[in-house]
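> Sharing data_7.txt here; it has compact mmCIF, C-alpha atoms and all ligand atoms.
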# COMPACT_ATOMS: atom_id res chain seq x y z
CA MET A 1 27.16 -3.14 -33.12
CA ALA A 2 24.79 -5.24 -31.09
CA PHE A 3 26.06 -8.62 -29.90
CA ALA A 4 24.80 -11.60 -31.91
CA LEU A 5 23.79 -13.32 -28.68
CA SER A 6 21.59 -10.37 -27.65
CA ILE A 7 19.92 -10.38 -31.06
CA VAL A 8 19.15 -14.10 -30.77
CA THR A 9 17.73 -13.53 -27.25
CA LEU A 10 15.57 -10.73 -28.58
CA GLU A 11 14.34 -12.82 -31.51
CA GLU A 12 13.41 -15.64 -29.15
CA ALA A 13 11.49 -13.25 -26.89
CA LEU A 14 9.64 -11.85 -29.91
CA GLU A 15 8.36 -15.37 -30.67
CA LYS A 16 6.64 -15.44 -27.26
CA PRO A 17 3.44 -13.62 -26.24
CA GLY A 18 3.40 -10.15 -24.65
CA CYS A 19 5.93 -7.33 -24.97
CA ALA A 20 9.38 -8.85 -25.61
CA ILE A 21 11.14 -6.07 -23.69
CA CYS A 22 8.88 -6.55 -20.63
CA ARG A 23 9.59 -10.29 -20.83
CA LEU A 24 13.37 -9.81 -21.00
CA GLU A 25 13.25 -7.29 -18.15
CA HIS A 26 11.34 -9.82 -16.06
CA GLU A 27 13.93 -12.50 -16.84
CA ALA A 28 16.75 -10.05 -15.97
CA ALA A 29 15.11 -9.38 -12.59
CA ILE A 30 14.92 -13.13 -11.87
CA ARG A 31 18.59 -13.58 -12.80
CA TRP A 32 19.67 -10.61 -10.63
CA ILE A 33 17.79 -11.87 -7.58
CA ASP A 34 19.02 -15.41 -8.18
CA THR A 35 22.65 -14.20 -8.19
CA LEU A 36 22.02 -12.08 -5.10
CA LEU A 37 20.71 -15.10 -3.21
CA TRP A 38 23.42 -17.48 -4.37
CA GLU A 39 26.48 -15.28 -4.12
CA ASN A 40 25.95 -11.80 -2.80
CA THR A 41 23.68 -11.85 0.24
CA ASN A 42 26.63 -11.00 2.46
CA ASP A 43 28.39 -8.67 0.02
CA PRO A 44 28.29 -5.12 1.49
CA ALA A 45 28.56 -3.48 -1.97
CA THR A 46 25.46 -5.35 -3.19
CA ARG A 47 23.56 -4.78 0.03
CA LYS A 48 24.20 -1.02 0.15
CA PRO A 49 21.69 -0.01 -2.56
CA ILE A 50 19.11 -2.38 -1.04
CA ASN A 51 19.59 -0.69 2.34
CA ASN A 52 19.56 2.78 0.75
CA ALA A 53 16.23 1.97 -0.89
CA TYR A 54 14.70 0.59 2.35
CA GLY A 55 14.35 -2.76 0.60
CA PHE A 56 12.81 -3.85 -2.67
CA CYS A 57 9.53 -2.65 -4.17
CA PRO A 58 6.54 -4.92 -3.37
CA GLU A 59 6.74 -6.77 -6.71
CA HIS A 60 10.42 -7.57 -6.37
CA THR A 61 10.05 -8.48 -2.70
CA ARG A 62 7.57 -11.14 -3.77
CA MET A 63 9.97 -12.26 -6.50
CA LEU A 64 12.82 -12.50 -3.96
CA VAL A 65 10.74 -14.71 -1.67
CA ALA A 66 9.42 -16.87 -4.53
CA ILE A 67 12.91 -17.47 -5.91
CA GLU A 68 14.40 -18.30 -2.54
CA ILE A 69 11.59 -20.66 -1.55
CA SER A 70 11.68 -22.45 -4.90
CA ASN A 71 15.50 -22.74 -4.79
CA SER A 72 16.28 -23.69 -1.25
CA GLY A 73 13.33 -23.86 1.13
CA PRO A 74 14.62 -21.91 4.15
CA VAL A 75 14.44 -18.18 3.51
CA LEU A 76 17.88 -17.34 4.88
CA GLY A 77 18.64 -14.64 2.31
CA VAL A 78 15.36 -12.87 3.08
CA ASN A 79 16.13 -13.09 6.81
CA ILE A 80 19.68 -11.76 6.33
CA ILE A 81 18.58 -8.83 4.13
CA TYR A 82 15.43 -7.85 6.01
CA SER A 83 16.78 -8.26 9.56
CA LEU A 84 19.26 -5.49 8.76
CA LEU A 85 16.58 -3.44 7.02
CA ALA A 86 14.34 -3.73 10.09
CA LYS A 87 17.22 -2.42 12.19
CA ILE A 88 17.92 0.45 9.78
CA VAL A 89 14.31 1.61 9.66
CA SER A 90 13.98 1.29 13.43
CA GLN A 91 17.10 3.41 13.94
CA ASP A 92 15.99 6.01 11.40
CA LEU A 93 12.55 6.12 12.96
CA LYS A 94 14.08 6.93 16.34
CA LYS A 95 15.51 10.09 14.79
CA VAL A 96 12.02 11.13 13.68
CA ARG A 97 10.60 12.79 16.74
CA SER A 98 8.05 15.58 16.63
CA GLN A 99 9.92 18.58 17.94
CA PRO A 100 7.86 21.27 19.70
CA GLN A 101 8.04 24.34 17.48
CA ALA A 102 10.01 27.17 19.01
CA GLN A 103 7.58 29.99 19.36
CA THR A 104 9.76 32.82 18.18
CA ARG A 105 8.18 36.18 17.53
CA PHE A 106 9.14 35.81 13.87
CA SER A 107 7.41 32.45 13.46
CA LYS A 108 4.26 33.81 15.13
CA VAL A 109 4.14 36.69 12.65
CA LEU A 110 4.69 34.33 9.73
CA ARG A 111 1.94 32.02 10.94
CA LYS A 112 -0.50 34.92 11.14
CA TRP A 113 0.28 35.87 7.54
CA GLY A 114 0.00 32.42 6.02
CA GLU A 115 -1.81 29.93 8.23
CA LYS A 116 -3.04 27.91 5.27
CA PHE A 117 0.36 27.83 3.62
CA PHE A 118 1.95 26.36 6.74
CA GLN A 119 -0.81 23.78 7.12
CA ARG A 120 -0.23 22.52 3.61
CA LYS A 121 3.51 22.15 4.05
CA ILE A 122 4.40 18.43 4.23
CA SER A 123 7.74 17.27 5.49
CA ILE A 124 9.32 14.19 3.91
CA ILE A 125 9.90 11.42 6.41
CA LEU A 126 12.02 8.28 5.85
CA GLN A 127 12.86 9.27 2.31
CA PRO A 128 14.81 6.42 0.66
CA GLN A 129 18.11 7.48 -0.89
CA GLN A 130 17.34 5.51 -4.03
CA ARG A 131 14.69 3.37 -5.75
CA CYS A 132 14.35 -0.41 -5.61
CA PRO A 133 17.69 -1.65 -7.03
CA VAL A 134 16.00 -4.37 -9.09
CA CYS A 135 13.68 -1.78 -10.69
CA GLU A 136 16.71 0.37 -11.52
CA MET A 137 18.66 -2.56 -12.99
CA VAL A 138 15.59 -3.72 -14.94
CA GLU A 139 15.06 -0.27 -16.44
CA GLN A 140 18.67 -0.09 -17.57
CA SER A 141 18.44 -3.58 -18.99
CA GLY A 142 15.23 -2.59 -20.86
CA ARG A 143 16.95 0.43 -22.38
CA ASN A 144 19.85 -1.77 -23.54
CA ILE A 145 17.51 -4.24 -25.23
CA LEU A 146 15.56 -1.38 -26.82
CA SER A 147 18.79 0.04 -28.22
CA ILE A 148 19.51 -3.35 -29.82
CA LEU A 149 15.99 -3.50 -31.28
CA PHE A 150 16.33 0.00 -32.74
CA GLU A 151 19.84 -0.64 -34.06
CA VAL A 152 18.97 -3.94 -35.72
CA ILE A 153 15.78 -2.61 -37.36
CA GLU A 154 17.76 0.43 -38.57
CA ALA A 155 20.22 -2.00 -40.21
CA LYS A 156 17.23 -3.61 -41.98
CA ASP A 157 17.80 -7.05 -40.45
CA GLN A 158 14.97 -8.83 -42.27
CA LYS A 159 14.87 -11.81 -39.92
CA LEU A 160 14.34 -9.62 -36.88
CA ILE A 161 11.89 -7.32 -38.67
CA GLU A 162 9.76 -10.31 -39.64
CA ALA A 163 9.97 -11.68 -36.09
CA TYR A 164 8.82 -8.28 -34.84
CA GLN A 165 5.89 -8.20 -37.25
CA ARG A 166 4.79 -11.67 -36.12
CA SER A 167 5.12 -10.66 -32.45
CA ASN A 168 2.66 -8.77 -30.24
CA GLY A 169 4.86 -5.66 -30.66
CA ILE A 170 6.39 -3.67 -27.82
CA CYS A 171 4.17 -2.10 -25.18
CA LEU A 172 3.29 1.58 -24.90
CA GLN A 173 5.77 2.19 -22.09
CA HIS A 174 8.67 0.66 -24.01
CA LEU A 175 7.70 2.35 -27.24
CA ARG A 176 7.80 5.66 -25.37
CA ILE A 177 11.18 4.92 -23.73
CA GLY A 178 12.59 3.65 -27.03
CA LEU A 179 11.49 6.72 -28.97
CA GLU A 180 12.67 9.12 -26.27
CA ASN A 181 16.14 7.55 -26.20
CA TYR A 182 16.79 6.28 -29.72
CA MET A 183 14.59 8.16 -32.22
CA VAL A 184 17.37 10.62 -33.09
CA ARG A 185 20.07 7.98 -33.48
CA TYR A 186 17.89 5.48 -35.36
CA PRO A 187 15.26 7.50 -37.27
CA LYS A 188 14.26 4.80 -39.77
CA SER A 189 13.76 2.34 -36.98
CA ALA A 190 11.61 4.88 -35.10
CA ASP A 191 9.50 5.46 -38.24
CA PHE A 192 9.06 1.72 -38.68
CA LEU A 193 7.97 1.17 -35.06
CA ILE A 194 5.63 4.16 -35.08
CA GLN A 195 3.95 3.09 -38.33
CA ASP A 196 3.75 -0.54 -37.23
CA THR A 197 2.09 0.49 -33.96
CA ILE A 198 -0.37 2.80 -35.74
CA ASN A 199 -1.34 -0.04 -38.10
CA ARG A 200 -1.86 -2.45 -35.21
CA LEU A 201 -3.90 0.03 -33.16
CA ASP A 202 -6.10 1.09 -36.09
CA THR A 203 -6.81 -2.53 -37.00
CA GLN A 204 -7.51 -3.49 -33.39
CA GLN A 205 -9.79 -0.51 -32.92
CA ARG A 206 -11.87 -1.53 -35.97
CA GLN A 207 -12.01 -5.12 -34.73
CA MET A 208 -13.13 -4.03 -31.25
CA LEU A 209 -15.87 -1.87 -32.78
CA GLU A 210 -17.01 -4.94 -34.75
CA TYR A 211 -16.94 -6.95 -31.50
CA ILE A 212 -19.25 -4.39 -29.92
CA ARG A 213 -21.52 -4.16 -32.99
CA LYS A 214 -21.89 -7.95 -33.35
CA HIS A 215 -22.93 -8.21 -29.71
CA ASN A 216 -25.93 -6.06 -30.58
CA TRP A 217 -29.10 -8.19 -30.84
CA ALA A 218 -29.87 -6.82 -34.30
CA TYR A 219 -26.62 -8.30 -35.72
CA ARG A 220 -26.66 -11.54 -33.71
CA ASP A 221 -26.41 -13.70 -36.84
CA GLU A 222 -23.04 -12.25 -37.82
CA LYS A 223 -20.21 -14.35 -36.44
CA LEU A 224 -17.11 -12.79 -34.90
CA THR A 225 -13.86 -13.50 -36.71
CA PRO A 226 -11.02 -15.02 -34.64
CA GLN A 227 -9.18 -11.68 -34.86
CA GLU A 228 -12.23 -9.75 -33.62
CA ARG A 229 -12.45 -12.08 -30.63
CA ILE A 230 -8.94 -11.27 -29.44
CA ALA A 231 -8.46 -7.64 -30.57
CA TRP A 232 -9.14 -6.40 -27.02
CA LEU A 233 -6.44 -8.75 -25.68
CA ARG A 234 -3.93 -7.51 -28.25
CA THR A 235 -4.80 -3.96 -27.23
CA LEU A 236 -4.38 -4.68 -23.52
CA THR A 237 -1.00 -6.28 -24.27
CA PHE A 238 0.02 -3.01 -25.92
CA PHE A 239 -1.10 -0.95 -22.93
CA THR A 240 0.41 -3.23 -20.26
CA GLY A 241 3.06 -5.46 -21.89
CA TYR A 242 1.39 -8.58 -20.40
CA PRO A 243 0.69 -11.66 -22.53
CA ALA A 244 -3.00 -12.32 -23.28
CA GLU A 245 -3.22 -15.22 -20.79
CA LYS A 246 -2.68 -12.77 -17.91
CA PHE A 247 -6.15 -11.38 -18.58
CA ASN A 248 -8.61 -13.86 -17.14
CA HIS A 249 -11.45 -14.24 -14.64
CA ARG A 250 -9.23 -14.55 -11.59
CA ILE A 251 -9.26 -11.64 -9.18
CA ASP A 252 -6.05 -11.72 -7.13
CA GLU A 253 -6.71 -11.71 -3.43
CA PHE A 254 -4.59 -9.39 -1.34
ZN ZN B 301 7.07 -3.60 -22.47
ZN ZN B 302 11.45 -3.20 -7.89
What is this structure when it is put down as structure tokens?


Amino acid sequence: MAFALSIVTLEEALEKPGCAICRLEHEAAIRWIDTLLWENTNDPATRKPINNAYGFCPEHTRMLVAIEISNSGPVLGVNIIYSLLAKIVSQDLKKVRSQPQAQTRFSKVLRKWGEKFFQRKISIILQPQQRCPVCEMVEQSGRNILSILFEVIEAKDQKLIEAYQRSNGICLQHLRIGLENYMVRYPKSADFLIQDTINRLDTQQRQMLEYIRKHNWAYRDEKLTPQERIAWLRTLTFFTGYPAEKFNHRIDEF
């Protein structure tokens, strides 16, 4: 049975805009990095997966820096983690040297037979042993929250079901992961989420078509309803998980 605390956390996230699972994953990433910076920067067991992954993915690298700067000012944790990573990559790079191919008679024959095949062959260089550890932790955390959502809906928890119906719903990616992992164990919950998503998408599609139609000069006197104004935002939230306010005029500079 899901923990009461997790259910409350989920209900609270459902009251906020965007996909609740994406939101809780984001919060889990912040907590993980926060703990890393406060307690575990020098812990070899914590550092190993970071080193194995050649550091964090770009998104979580930015999060690491943002959290450290907003917490403490000097970026000591970043310096500790990335000075070792710089050393590791430098050492690994020294092992990558282009070796002159031994011109054996056999290799010459093979090359004659399949020049194009050999040209296409790509060797993998500096392959990380694992993915960004925050991404991995976040994915596991997302699956755990999804299992709670499925379990609680299956148990017909009316409070949570109503909170879900009021929410923006879960995003496409989390719907897919949830169905792949929990559809067999929680079939009624899967049916509910599938039908709920179909209803939302069908309604939003109609509203977006009305948005387009009412922007036609011939129908200029017909006013858009509030729902028709934001149907595209609801739809983008479904496809990305982001809350509506993330979609604005600002183009991020590199
Ligand atoms: Zn999501
Ligand atoms: Zn990551």

> I'd like the contact shell of stretch 148-162 of chain A - 8 Å cut-off, all atoms listed in the file, skipping same-chain residues fewer than 3 positions apart - returned as a tab-separated table (two decimals) with C-alpha atoms, keeping the file's coordinate frame.


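Here's the written file around_6.tsv:
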chain	number	residue	atom	x	y	z
A	1	MET	CA	27.16	-3.14	-33.12
A	2	ALA	CA	24.79	-5.24	-31.09
A	6	SER	CA	21.59	-10.37	-27.65
A	7	ILE	CA	19.92	-10.38	-31.06
A	10	LEU	CA	15.57	-10.73	-28.58
A	11	GLU	CA	14.34	-12.82	-31.51
A	144	ASN	CA	19.85	-1.77	-23.54
A	145	ILE	CA	17.51	-4.24	-25.23
A	165	GLN	CA	5.89	-8.20	-37.25
A	166	ARG	CA	4.79	-11.67	-36.12
A	178	GLY	CA	12.59	3.65	-27.03
A	182	TYR	CA	16.79	6.28	-29.72
A	186	TYR	CA	17.89	5.48	-35.36
A	187	PRO	CA	15.26	7.50	-37.27
A	188	LYS	CA	14.26	4.80	-39.77
A	189	SER	CA	13.76	2.34	-36.98
A	190	ALA	CA	11.61	4.88	-35.10

> Return as a list in words the residues of protein, DNA or RNA that approach ligand ZN 302 (chain B) to within 6 Å, with all atoms listed in the file taken into account.

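Counting all atoms listed in the file, the residues within 6 Å of ligand ZN 302 (chain B) come out as Phe56, Cys57, His60, Cys132, Val134 and Cys135 of chain A.
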
> Please return as a VMD selection string the residues found within 12 Å of ligand ZN 301 (chain B), counting all atoms listed in the file.

chain A and resid 13 to 14 17 to 26 138 to 139 141 to 143 145 to 146 168 to 178 236 to 243

> Give the answer as one residue: which of A:Val96, A:Ile50, A:Val75, A:Val184 has the shortest atom-to-atom distance to A:Gln130, using only C-alpha atoms?

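When distances to A:Gln130 are compared using only C-alpha atoms, the smallest one comes from A:Ile50.
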
> I'd like the neighbourhood of A:Asp92 as a PyMOL selection string, where a residue qualifies if any of its atoms comes within 10 Å (using all atoms listed in the file), though same-chain residues fewer than 6 positions away should be ignored.

chain A and resi 86+125-126

> Between atom CA of A:Arg234 and atom CA of A:Asp196, what is the spacing in Å?

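We find that atom CA of A:Asp196 and atom CA of A:Arg234 lie 13.7 Å from each other.
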
> Show which residues sit within 8 Å of A:Lys214, as an mmCIF file with C-alpha atoms, keeping the file's coordinate frame. Count all atoms listed in the file, and ignore same-chain residues fewer than 4 positions away.


data_model
loop_
_atom_site.group_PDB
_atom_site.id
_atom_site.type_symbol
_atom_site.label_atom_id
_atom_site.label_comp_id
_atom_site.auth_asym_id
_atom_site.auth_seq_id
_atom_site.Cartn_x
_atom_site.Cartn_y
_atom_site.Cartn_z
ATOM 1 C CA GLU A 210 -17.010 -4.940 -34.750
ATOM 2 C CA TYR A 219 -26.620 -8.300 -35.720
ATOM 3 C CA ARG A 220 -26.660 -11.540 -33.710
ATOM 4 C CA GLU A 222 -23.040 -12.250 -37.820
ATOM 5 C CA LYS A 223 -20.210 -14.350 -36.440
ATOM 6 C CA LEU A 224 -17.110 -12.790 -34.900
#

> From the list A:Ile198, A:Ile124, A:Gln140, A:Ala218, which residue is nearest A:Ala28 when using all atoms listed in the file?

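The closest residue to A:Ala28 is A:Gln140.
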
> If you measure from atom CA of A:Asp202 to atom CA of A:Pro226, what distance in Å do you get, rounded to one decimal?

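Taking atom CA of A:Asp202 and atom CA of A:Pro226, their separation equals 16.9 Å.
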
> So how far away is atom CA of A:Arg62 from atom CA of A:Leu84, in Å?

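Between these atoms lies a distance of 18.0 Å.
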
> Which of these residues is nearest to A:Leu64, using all atoms listed in the file: A:Leu37, A:Val89, A:Leu5, A:Ile230?

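Going through A:Leu37, A:Val89, A:Leu5, A:Ile230 one by one, the smallest distance to A:Leu64 is for A:Leu37.
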
> Nearest to A:Gln129: which of A:Thr235, A:Ser72, A:Thr197, A:Asn51 is it, counting all atoms listed in the file?

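Distance minimum relative to A:Gln129 lands on A:Asn51.
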